[in-house]
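The structure appears below as structure tokens.
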Amino acid sequence: MKTPFLHLEGGETLIAEDVVGIFDMDLATVEEGTREFLAQNQKQMQVVSLASDLPKSIVLVREAYGDRVYISGLSTETIAKRSYDLD
């Protein structure tokens with residue numbers, strides 16, 4: 001049986017089926033609703049910043065214990081390419 005994973009920087013690996021979406025930071029934060037969503041999740045300590053430099057993408061994950069938002073320095077294209085299957 002294969003289990004799909006999504007590898008982000010800093011050794012962070014997510015279960016791919018838990019990923020709700022991968023969004024471009026510049027495009028997503030144009031909308032006020034997205035900025036409010038990020039601010040609310042940051043207050044609730046649900047934001048994990050992995051970007052060591054300029055953040056490029058947002059990865060929204062629905063996990064068993066709640067939603068989590070990952071801020072990544074990788075582009076959406078790079079994250080999509082890092083998705084892989086492990087036996």
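For the structure tokens, the naming scheme is as follows: chains receive sequential letters (A, B, ...) according to their order of presentation, residues are indexed from 1 within each chain, and ligands are indexed from 1 in presentation order.
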Open item on the list: Among chain A, which ones does DSSP assign to strand (DSSP E) (computed from the backbone)? Answer as number ranges by chain.
Closed with: A: 3-7, 13-15, 19-24, 47-49, 57-63, 66-72, 83-86
Any chance you can output those residues with N, CA, C and O atoms as a CSV table (one decimal), in the first residue's frame?
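What landed in out20.csv:
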chain,number,residue,atom,x,y,z
A,3,THR,N,1.5,5.3,0.6
A,3,THR,CA,1.0,6.4,1.3
A,3,THR,C,1.7,7.7,0.8
A,3,THR,O,2.9,7.8,0.8
A,4,PRO,N,0.9,8.6,0.2
A,4,PRO,CA,1.5,9.8,-0.4
A,4,PRO,C,1.9,10.8,0.6
A,4,PRO,O,1.2,11.1,1.6
A,5,PHE,N,3.0,11.4,0.4
A,5,PHE,CA,3.6,12.4,1.3
A,5,PHE,C,3.9,13.7,0.5
A,5,PHE,O,4.2,13.6,-0.7
A,6,LEU,N,4.0,14.8,1.2
A,6,LEU,CA,4.4,16.0,0.6
A,6,LEU,C,5.6,16.6,1.5
A,6,LEU,O,5.4,16.8,2.7
A,7,HIS,N,6.7,16.7,0.8
A,7,HIS,CA,7.9,17.2,1.6
A,7,HIS,C,8.1,18.7,1.4
A,7,HIS,O,8.2,19.2,0.3
A,13,THR,N,7.4,17.0,6.7
A,13,THR,CA,6.7,16.1,5.7
A,13,THR,C,5.3,16.0,6.2
A,13,THR,O,5.0,15.7,7.3
A,14,LEU,N,4.4,16.2,5.2
A,14,LEU,CA,2.9,16.2,5.4
A,14,LEU,C,2.3,15.0,4.7
A,14,LEU,O,2.8,14.5,3.7
A,15,ILE,N,1.2,14.5,5.2
A,15,ILE,CA,0.4,13.5,4.5
A,15,ILE,C,-0.4,14.2,3.4
A,15,ILE,O,-1.1,15.2,3.7
A,19,VAL,N,-3.6,17.8,2.8
A,19,VAL,CA,-3.4,19.1,2.2
A,19,VAL,C,-4.7,19.6,1.6
A,19,VAL,O,-5.2,18.9,0.7
A,20,VAL,N,-5.2,20.7,2.0
A,20,VAL,CA,-6.4,21.3,1.4
A,20,VAL,C,-6.0,22.1,0.2
A,20,VAL,O,-6.8,22.0,-0.8
A,21,GLY,N,-4.9,22.8,0.2
A,21,GLY,CA,-4.5,23.6,-0.9
A,21,GLY,C,-3.1,24.2,-0.7
A,21,GLY,O,-2.6,24.3,0.4
A,22,ILE,N,-2.5,24.5,-1.9
A,22,ILE,CA,-1.2,25.1,-1.9
A,22,ILE,C,-1.4,26.4,-2.7
A,22,ILE,O,-1.9,26.4,-3.8
A,23,PHE,N,-1.1,27.5,-2.0
A,23,PHE,CA,-1.4,28.8,-2.6
A,23,PHE,C,-0.2,29.7,-2.8
A,23,PHE,O,0.7,29.7,-1.9
A,24,ASP,N,-0.1,30.5,-3.8
A,24,ASP,CA,1.0,31.4,-4.1
A,24,ASP,C,0.8,32.6,-3.1
A,24,ASP,O,-0.3,33.2,-3.0
A,47,VAL,N,0.0,28.6,12.7
A,47,VAL,CA,0.8,29.0,11.6
A,47,VAL,C,2.2,28.5,11.9
A,47,VAL,O,2.8,28.8,12.9
A,48,VAL,N,2.8,27.7,10.9
A,48,VAL,CA,4.2,27.2,11.1
A,48,VAL,C,5.0,27.9,9.9
A,48,VAL,O,4.7,27.6,8.8
A,49,SER,N,5.9,28.7,10.3
A,49,SER,CA,6.7,29.4,9.3
A,49,SER,C,8.0,28.5,9.0
A,49,SER,O,8.8,28.3,9.9
A,57,SER,N,4.8,30.7,-0.5
A,57,SER,CA,3.6,29.9,-0.7
A,57,SER,C,3.0,29.6,0.7
A,57,SER,O,3.6,29.7,1.7
A,58,ILE,N,1.7,29.3,0.7
A,58,ILE,CA,0.9,28.9,1.8
A,58,ILE,C,0.4,27.5,1.6
A,58,ILE,O,-0.2,27.3,0.5
A,59,VAL,N,0.6,26.7,2.6
A,59,VAL,CA,0.1,25.3,2.5
A,59,VAL,C,-0.9,25.1,3.6
A,59,VAL,O,-0.6,25.2,4.8
A,60,LEU,N,-2.2,24.9,3.2
A,60,LEU,CA,-3.3,24.7,4.2
A,60,LEU,C,-3.5,23.3,4.4
A,60,LEU,O,-3.7,22.5,3.4
A,61,VAL,N,-3.5,22.8,5.7
A,61,VAL,CA,-3.5,21.4,6.0
A,61,VAL,C,-4.7,21.2,7.0
A,61,VAL,O,-4.7,21.9,8.0
A,62,ARG,N,-5.5,20.2,6.7
A,62,ARG,CA,-6.5,19.8,7.7
A,62,ARG,C,-6.0,18.5,8.4
A,62,ARG,O,-5.9,17.5,7.7
A,63,GLU,N,-5.7,18.6,9.6
A,63,GLU,CA,-5.1,17.5,10.4
A,63,GLU,C,-6.1,17.0,11.4
A,63,GLU,O,-7.1,17.7,11.7
A,66,GLY,N,-6.8,19.6,14.1
A,66,GLY,CA,-7.2,20.9,13.6
A,66,GLY,C,-6.4,21.4,12.4
A,66,GLY,O,-5.5,20.7,11.9
A,67,ASP,N,-6.8,22.5,11.9
A,67,ASP,CA,-6.2,23.0,10.7
A,67,ASP,C,-4.8,23.6,11.1
A,67,ASP,O,-4.6,24.1,12.2
A,68,ARG,N,-3.9,23.6,10.1
A,68,ARG,CA,-2.6,24.2,10.3
A,68,ARG,C,-2.2,24.9,9.0
A,68,ARG,O,-2.6,24.4,7.9
A,69,VAL,N,-1.5,26.0,9.1
A,69,VAL,CA,-1.1,26.8,7.9
A,69,VAL,C,0.4,26.8,7.9
A,69,VAL,O,1.0,27.2,8.9
A,70,TYR,N,1.0,26.3,6.8
A,70,TYR,CA,2.5,26.3,6.7
A,70,TYR,C,2.8,27.4,5.7
A,70,TYR,O,2.3,27.5,4.6
A,71,ILE,N,3.8,28.3,6.1
A,71,ILE,CA,4.3,29.3,5.3
A,71,ILE,C,5.7,28.8,4.8
A,71,ILE,O,6.5,28.5,5.6
A,72,SER,N,5.8,28.7,3.5
A,72,SER,CA,7.0,28.1,2.9
A,72,SER,C,7.7,29.1,2.0
A,72,SER,O,7.1,30.0,1.3
A,83,SER,N,5.9,16.2,-4.1
A,83,SER,CA,5.0,15.2,-3.7
A,83,SER,C,5.5,13.8,-4.2
A,83,SER,O,5.8,13.7,-5.4
A,84,TYR,N,5.5,12.8,-3.3
A,84,TYR,CA,5.9,11.5,-3.8
A,84,TYR,C,5.3,10.4,-3.0
A,84,TYR,O,4.6,10.7,-2.0
A,85,ASP,N,5.4,9.2,-3.4
A,85,ASP,CA,4.8,8.0,-2.7
A,85,ASP,C,5.9,7.2,-2.1
A,85,ASP,O,7.0,7.0,-2.7
A,86,LEU,N,5.7,6.7,-0.9
A,86,LEU,CA,6.6,5.8,-0.2
A,86,LEU,C,5.8,4.5,-0.1
A,86,LEU,O,4.7,4.4,0.2
If you run DSSP on the backbone here, which positions in chain A get alpha helix (DSSP H)? Please write them as a PDB file with C-alpha atoms, in the first residue's frame.
ATOM      1  CA  MET A  25       1.678  33.921  -1.248  1.00  0.00           C
ATOM      2  CA  ASP A  26       1.638  37.012  -3.488  1.00  0.00           C
ATOM      3  CA  LEU A  27      -1.636  36.116  -5.186  1.00  0.00           C
ATOM      4  CA  ALA A  28      -3.427  34.824  -2.087  1.00  0.00           C
ATOM      5  CA  GLU A  32      -8.336  40.959   2.627  1.00  0.00           C
ATOM      6  CA  GLY A  33     -10.155  37.758   3.635  1.00  0.00           C
ATOM      7  CA  THR A  34      -6.972  35.738   3.175  1.00  0.00           C
ATOM      8  CA  ARG A  35      -4.951  38.195   5.221  1.00  0.00           C
ATOM      9  CA  GLU A  36      -7.577  38.020   7.991  1.00  0.00           C
ATOM     10  CA  PHE A  37      -7.543  34.198   7.816  1.00  0.00           C
ATOM     11  CA  LEU A  38      -3.754  34.161   8.220  1.00  0.00           C
ATOM     12  CA  ALA A  39      -3.867  36.672  11.087  1.00  0.00           C
ATOM     13  CA  GLN A  40      -6.563  34.669  12.903  1.00  0.00           C
ATOM     14  CA  ASN A  41      -4.629  31.407  12.512  1.00  0.00           C
ATOM     15  CA  GLN A  42      -1.446  33.111  13.678  1.00  0.00           C
ATOM     16  CA  LYS A  43      -3.213  34.287  16.845  1.00  0.00           C
ATOM     17  CA  THR A  76       3.875  26.294  -5.378  1.00  0.00           C
ATOM     18  CA  GLU A  77       5.420  24.510  -8.372  1.00  0.00           C
ATOM     19  CA  THR A  78       8.362  23.220  -6.326  1.00  0.00           C
ATOM     20  CA  ILE A  79       6.074  21.939  -3.577  1.00  0.00           C
ATOM     21  CA  ALA A  80       3.916  20.124  -6.117  1.00  0.00           C
ATOM     22  CA  LYS A  81       7.022  18.440  -7.566  1.00  0.00           C
TER      23      LYS A  81
END
Task: Nearest residue to A:Leu8 from the set A:Ala51, A:Tyr65, A:Met45, A:Val30 (distances using only C-alpha atoms) - done: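 Closest candidate: A:Ala51.
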Task: Coordinates-based distance that separates atom CA of A:Pro55 from atom CA of A:Leu74 (Å, one decimal) - done: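 Between these atoms lies a distance of 7.4 Å.
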Open item on the list: Ranking A:Asp53, A:Gly73, A:Ala64, A:Arg82 by minimum distance to A:Asp18 and counting only C-alpha atoms, which one comes first?
Closed with: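 Ranking A:Asp53, A:Gly73, A:Ala64, A:Arg82 by distance to A:Asp18, first place goes to A:Ala64.
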